[in-house]
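**Student:** Please read through the structure below; I'll follow up with questions.
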Amino acid sequence: KFNDESLQGQAFFEYAESVIDFDSFTDHWIYQIYTSHGDENNIRYWRPRQEGGKWHYISYDFDYWRNLGEDDLNNFTNEFKSFINGSTGGYKILGRMLENNTYREIFLNRMADLLNTSFQPEYMIGLIDSIDTAINPEMPKDIARWTDGWYDIGGPTNYNMEYTKDITKNYIFNILDFIYSEVADTLGTDTVSVTLASTSNGVVQLNSINPDISTSSWTGIYFQGTNLTLISKPTLGYQISAWIVNGESQAGSQTLSIPLTDAPVNIQAQFDEIT
């Protein structure tokens, strides 16, 4: 049915949601975009053998980051555009999904959440260093196993772990700006700044993440044309009393939805003690 161009709008969305696990599908393709994954053959998926079992995606074999080692953003390849315009089965599904406005918002909000948290350079640097600490003592033994030498896509090569770490760290500092430009170029969607003010006696879930606003404000980059979903989570004995959005007070409902335009958004959740 994904090849049926007559299936559009809500009917298409409901069909896709009935056969695909959206969380798995969405995160898989965001990983592909973040790593500028260059191997179009690496598409695998599975589903439970039960009534209503949905397809889940398997992310694997990330040894080919197409833009890794490239210093000039102008020379980066727009893999996102390749993905959604590709004729390969897995790529074609992504393209069809992003034609649907309901799913596009799900995708862009999750992408923004990950770019603002797990893919932030400071987190990624710590992750790289922790992996390096764990595997570095084993590297000499691993290299010694391969007596016929190391090979990359260009042929024989000298393995250099420090070089690999350096270009990977450089990549993670460059890729965020490039992804925002990819989205603008591919989907015609620009970004906007969202700030959550520091608060006490409760936390705020923003889409799928829980920013730490216990001691200071938090700022992230989101996509225009999407709706931001905020959920208040008061500390025991407290309740949400109001939302302050760009200086304007709104009723203290548990959930607040904010449509994003080109104007920056500043939000504060106010919690009061239950009396």
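In the structure tokens, each chain is lettered A, B, ... as it comes, each chain's residues begin at 1, and ligands are numbered from 1 in order of appearance.
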Apply DSSP to the structure's backbone, then extract all residues of stretch 19-265 of chain A labelled strand (DSSP E) and return them as a PyMOL selection string.
**Tutor:** chain A and resi 44-46+56-58+150-152+155-157+191-196+202-206+218-223+227-234+238-245+248-251+255-259+265
**Student:** Please, which residues of stretch 94-243 of chain A, numbered as in this document, come out helix (DSSP H, G or I) from DSSP, as an NGL selection string?
**Tutor:** :A and (94-98 or 101-115 or 121-145 or 161-187)
**Student:** List the spatial neighbours of stretch 240-246 of chain A as a list in words - criterion: any atom at most 7 Å away, only C-alpha atoms, same-chain residues fewer than 2 positions off excluded.
**Tutor:**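 Within the cut-off, the hits are Ser232, Pro234, Glu248, Ser249, Gln250, Ala251, Gly252, Ser253, Gln254, Val265, Asn266, Ile267, Gln268, Ala269, Gln270, Phe271 and Asp272 of chain A.
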**Student:** Save out the residues we just selected, N, CA, C and O atoms, as a CSV table (one decimal), in the first residue's frame.
**Tutor:**
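Output file selection_11.csv follows:
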chain,number,residue,atom,x,y,z
A,232,SER,N,3.2,19.0,32.4
A,232,SER,CA,3.7,19.4,33.7
A,232,SER,C,3.6,18.2,34.6
A,232,SER,O,2.7,17.4,34.6
A,234,PRO,N,4.2,17.9,38.5
A,234,PRO,CA,4.4,18.5,39.8
A,234,PRO,C,5.0,17.6,40.8
A,234,PRO,O,4.8,16.4,40.8
A,248,GLU,N,2.9,36.0,28.7
A,248,GLU,CA,1.4,35.9,28.8
A,248,GLU,C,1.1,34.7,29.7
A,248,GLU,O,1.5,33.5,29.4
A,249,SER,N,0.2,34.9,30.7
A,249,SER,CA,-0.2,33.8,31.5
A,249,SER,C,-1.4,33.0,30.9
A,249,SER,O,-2.3,33.5,30.3
A,250,GLN,N,-1.2,31.6,31.0
A,250,GLN,CA,-2.3,30.7,30.5
A,250,GLN,C,-2.7,29.8,31.6
A,250,GLN,O,-1.9,29.6,32.6
A,251,ALA,N,-3.9,29.2,31.5
A,251,ALA,CA,-4.4,28.4,32.6
A,251,ALA,C,-3.5,27.2,32.8
A,251,ALA,O,-2.8,26.7,31.9
A,252,GLY,N,-3.5,26.8,34.1
A,252,GLY,CA,-2.5,25.7,34.5
A,252,GLY,C,-3.0,24.3,34.2
A,252,GLY,O,-3.2,23.5,35.1
A,253,SER,N,-3.2,24.0,32.9
A,253,SER,CA,-3.6,22.6,32.5
A,253,SER,C,-2.4,21.7,32.6
A,253,SER,O,-1.3,22.2,32.4
A,254,GLN,N,-2.6,20.4,32.7
A,254,GLN,CA,-1.5,19.5,32.8
A,254,GLN,C,-0.7,19.5,31.5
A,254,GLN,O,0.6,19.5,31.5
A,265,VAL,N,10.2,31.3,21.5
A,265,VAL,CA,9.2,31.0,22.5
A,265,VAL,C,9.9,30.8,23.8
A,265,VAL,O,10.9,30.1,24.0
A,266,ASN,N,9.4,31.6,24.8
A,266,ASN,CA,9.9,31.4,26.2
A,266,ASN,C,8.8,30.9,27.1
A,266,ASN,O,7.7,31.5,27.1
A,267,ILE,N,9.0,29.9,27.8
A,267,ILE,CA,8.0,29.2,28.6
A,267,ILE,C,8.4,29.0,30.0
A,267,ILE,O,9.6,28.7,30.3
A,268,GLN,N,7.5,29.2,31.0
A,268,GLN,CA,7.7,28.9,32.3
A,268,GLN,C,6.5,28.2,32.9
A,268,GLN,O,5.4,28.7,32.7
A,269,ALA,N,6.8,27.1,33.6
A,269,ALA,CA,5.7,26.4,34.4
A,269,ALA,C,5.7,26.9,35.8
A,269,ALA,O,6.8,26.9,36.4
A,270,GLN,N,4.6,27.3,36.3
A,270,GLN,CA,4.5,27.7,37.7
A,270,GLN,C,3.8,26.7,38.6
A,270,GLN,O,2.6,26.3,38.2
A,271,PHE,N,4.4,26.2,39.6
A,271,PHE,CA,3.8,25.2,40.5
A,271,PHE,C,3.5,25.8,41.9
A,271,PHE,O,4.3,26.5,42.4
A,272,ASP,N,2.3,25.5,42.4
A,272,ASP,CA,1.9,26.0,43.7
A,272,ASP,C,1.6,24.8,44.6
A,272,ASP,O,1.1,23.8,44.1
**Student:** If we count only C-alpha atoms, what is near A:His37 at a cut-off of 10 Å, once residues fewer than 4 positions away on the same chain are taken out, given as a list of chain:residue names?
**Tutor:**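 Contacts, in chain order: A:Trp29, A:Tyr31, A:Gln32, A:Ile33, A:Asn42, A:Asp61, A:Phe62, A:Asp63, A:Tyr64, A:Trp65, A:Arg66, A:Asn67, A:Leu68, A:Glu79, A:Phe80, A:Phe83.
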**Student:** Given the selection you just returned, output its residues as a file containing C-alpha atoms, formatted as a compact mmCIF listing (two decimals), in the first residue's frame.
**Tutor:**
# COMPACT_ATOMS: atom_id res chain seq x y z
CA TRP A 29 16.01 7.16 10.23
CA TYR A 31 20.27 7.81 13.32
CA GLN A 32 20.82 7.39 9.58
CA ILE A 33 20.67 11.14 9.01
CA ASN A 42 21.66 -1.66 5.39
CA ASP A 61 26.58 -1.54 10.46
CA PHE A 62 27.43 2.13 10.96
CA ASP A 63 31.01 1.94 9.69
CA TYR A 64 30.34 4.20 6.68
CA TRP A 65 29.57 7.78 7.64
CA ARG A 66 29.66 9.47 4.26
CA ASN A 67 30.63 12.93 5.58
CA LEU A 68 33.12 11.72 8.19
CA GLU A 79 22.03 12.15 2.67
CA PHE A 80 18.57 13.14 3.93
CA PHE A 83 17.01 8.90 1.60
**Student:** Counting only C-alpha atoms, what is within 12 Å of A:Val194, bar same-chain residues fewer than 4 positions away, as a ChimeraX atom specification?
**Tutor:** /A:112-113,116,206,211,217-224,227-230,245-246,258-268
**Student:** In Å, with one decimal, what is the gap from atom CA of A:Ile93 to atom CA of A:Phe178?
**Tutor:** 23.4 Å
**Student:** Measuring atom to atom with only C-alpha atoms, identify which of A:Thr77, A:Phe12, A:Thr255, A:Phe107 is nearest to A:Ser24.
**Tutor:**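 Among A:Thr77, A:Phe12, A:Thr255, A:Phe107, it is A:Phe107 that comes nearest to A:Ser24.
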**Student:** Work out how far atom CA of A:Gln50 is from atom CA of A:Ala11, in Å to one decimal.
**Tutor:** 23.3 Å
**Student:** Mind giving me the straight-line distance from atom CA of A:Asn160 to atom CA of A:Met139 in Å, one decimal?
**Tutor:**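 For atom CA of A:Asn160 relative to atom CA of A:Met139, the distance reads 10.4 Å.
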**Student:** Using only C-alpha atoms, which protein or nucleic acid residues come within 10 Å of A:Ser18? Drop anything in the same chain fewer than 2 positions from it, and give the result as a list of chain:residue names.
**Tutor:** A:Phe12, A:Phe13, A:Glu14, A:Tyr15, A:Ala16, A:Ile20, A:Asp21, A:Phe22, A:Gly52, A:Gly53, A:Lys54, A:Trp55
**Student:** Please produce a file of those selected residues containing N, CA and C atoms, as a PDB file, in the first residue's frame.
**Tutor:**
ATOM      1  N   PHE A  12      -3.866   7.280   4.991  1.00  0.00           N
ATOM      2  CA  PHE A  12      -2.498   6.777   4.857  1.00  0.00           C
ATOM      3  C   PHE A  12      -1.829   6.684   6.230  1.00  0.00           C
ATOM      4  N   PHE A  13      -1.996   7.732   7.047  1.00  0.00           N
ATOM      5  CA  PHE A  13      -1.370   7.753   8.366  1.00  0.00           C
ATOM      6  C   PHE A  13      -1.861   6.578   9.207  1.00  0.00           C
ATOM      7  N   GLU A  14      -3.156   6.326   9.201  1.00  0.00           N
ATOM      8  CA  GLU A  14      -3.711   5.245  10.009  1.00  0.00           C
ATOM      9  C   GLU A  14      -3.224   3.890   9.519  1.00  0.00           C
ATOM     10  N   TYR A  15      -3.089   3.730   8.200  1.00  0.00           N
ATOM     11  CA  TYR A  15      -2.560   2.467   7.684  1.00  0.00           C
ATOM     12  C   TYR A  15      -1.109   2.287   8.123  1.00  0.00           C
ATOM     13  N   ALA A  16      -0.291   3.324   7.938  1.00  0.00           N
ATOM     14  CA  ALA A  16       1.123   3.234   8.317  1.00  0.00           C
ATOM     15  C   ALA A  16       1.278   2.928   9.800  1.00  0.00           C
ATOM     16  N   ILE A  20       3.565  -0.228  11.212  1.00  0.00           N
ATOM     17  CA  ILE A  20       4.930   0.180  11.558  1.00  0.00           C
ATOM     18  C   ILE A  20       4.970   0.704  12.985  1.00  0.00           C
ATOM     19  N   ASP A  21       5.967   0.281  13.760  1.00  0.00           N
ATOM     20  CA  ASP A  21       6.221   0.873  15.064  1.00  0.00           C
ATOM     21  C   ASP A  21       6.898   2.224  14.837  1.00  0.00           C
ATOM     22  N   PHE A  22       6.169   3.302  15.071  1.00  0.00           N
ATOM     23  CA  PHE A  22       6.666   4.638  14.733  1.00  0.00           C
ATOM     24  C   PHE A  22       7.916   5.013  15.522  1.00  0.00           C
ATOM     25  N   GLY A  52      -1.559  -8.187  14.712  1.00  0.00           N
ATOM     26  CA  GLY A  52      -1.286  -6.777  14.960  1.00  0.00           C
ATOM     27  C   GLY A  52       0.178  -6.452  15.179  1.00  0.00           C
ATOM     28  N   GLY A  53       1.069  -7.442  15.006  1.00  0.00           N
ATOM     29  CA  GLY A  53       2.500  -7.191  15.174  1.00  0.00           C
ATOM     30  C   GLY A  53       3.001  -6.157  14.172  1.00  0.00           C
ATOM     31  N   LYS A  54       3.741  -5.174  14.665  1.00  0.00           N
ATOM     32  CA  LYS A  54       4.206  -4.079  13.805  1.00  0.00           C
ATOM     33  C   LYS A  54       5.678  -4.254  13.447  1.00  0.00           C
ATOM     34  N   TRP A  55       6.053  -3.678  12.307  1.00  0.00           N
ATOM     35  CA  TRP A  55       7.436  -3.727  11.860  1.00  0.00           C
ATOM     36  C   TRP A  55       8.307  -2.789  12.697  1.00  0.00           C
TER      37      TRP A  55
END
**Student:** Could you tell me which of A:Leu73, A:Val19, A:Ile43, A:Leu187 comes closest to A:Ile175 if we count only C-alpha atoms?
**Tutor:**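 Closest to A:Ile175 of all the choices is A:Leu73.
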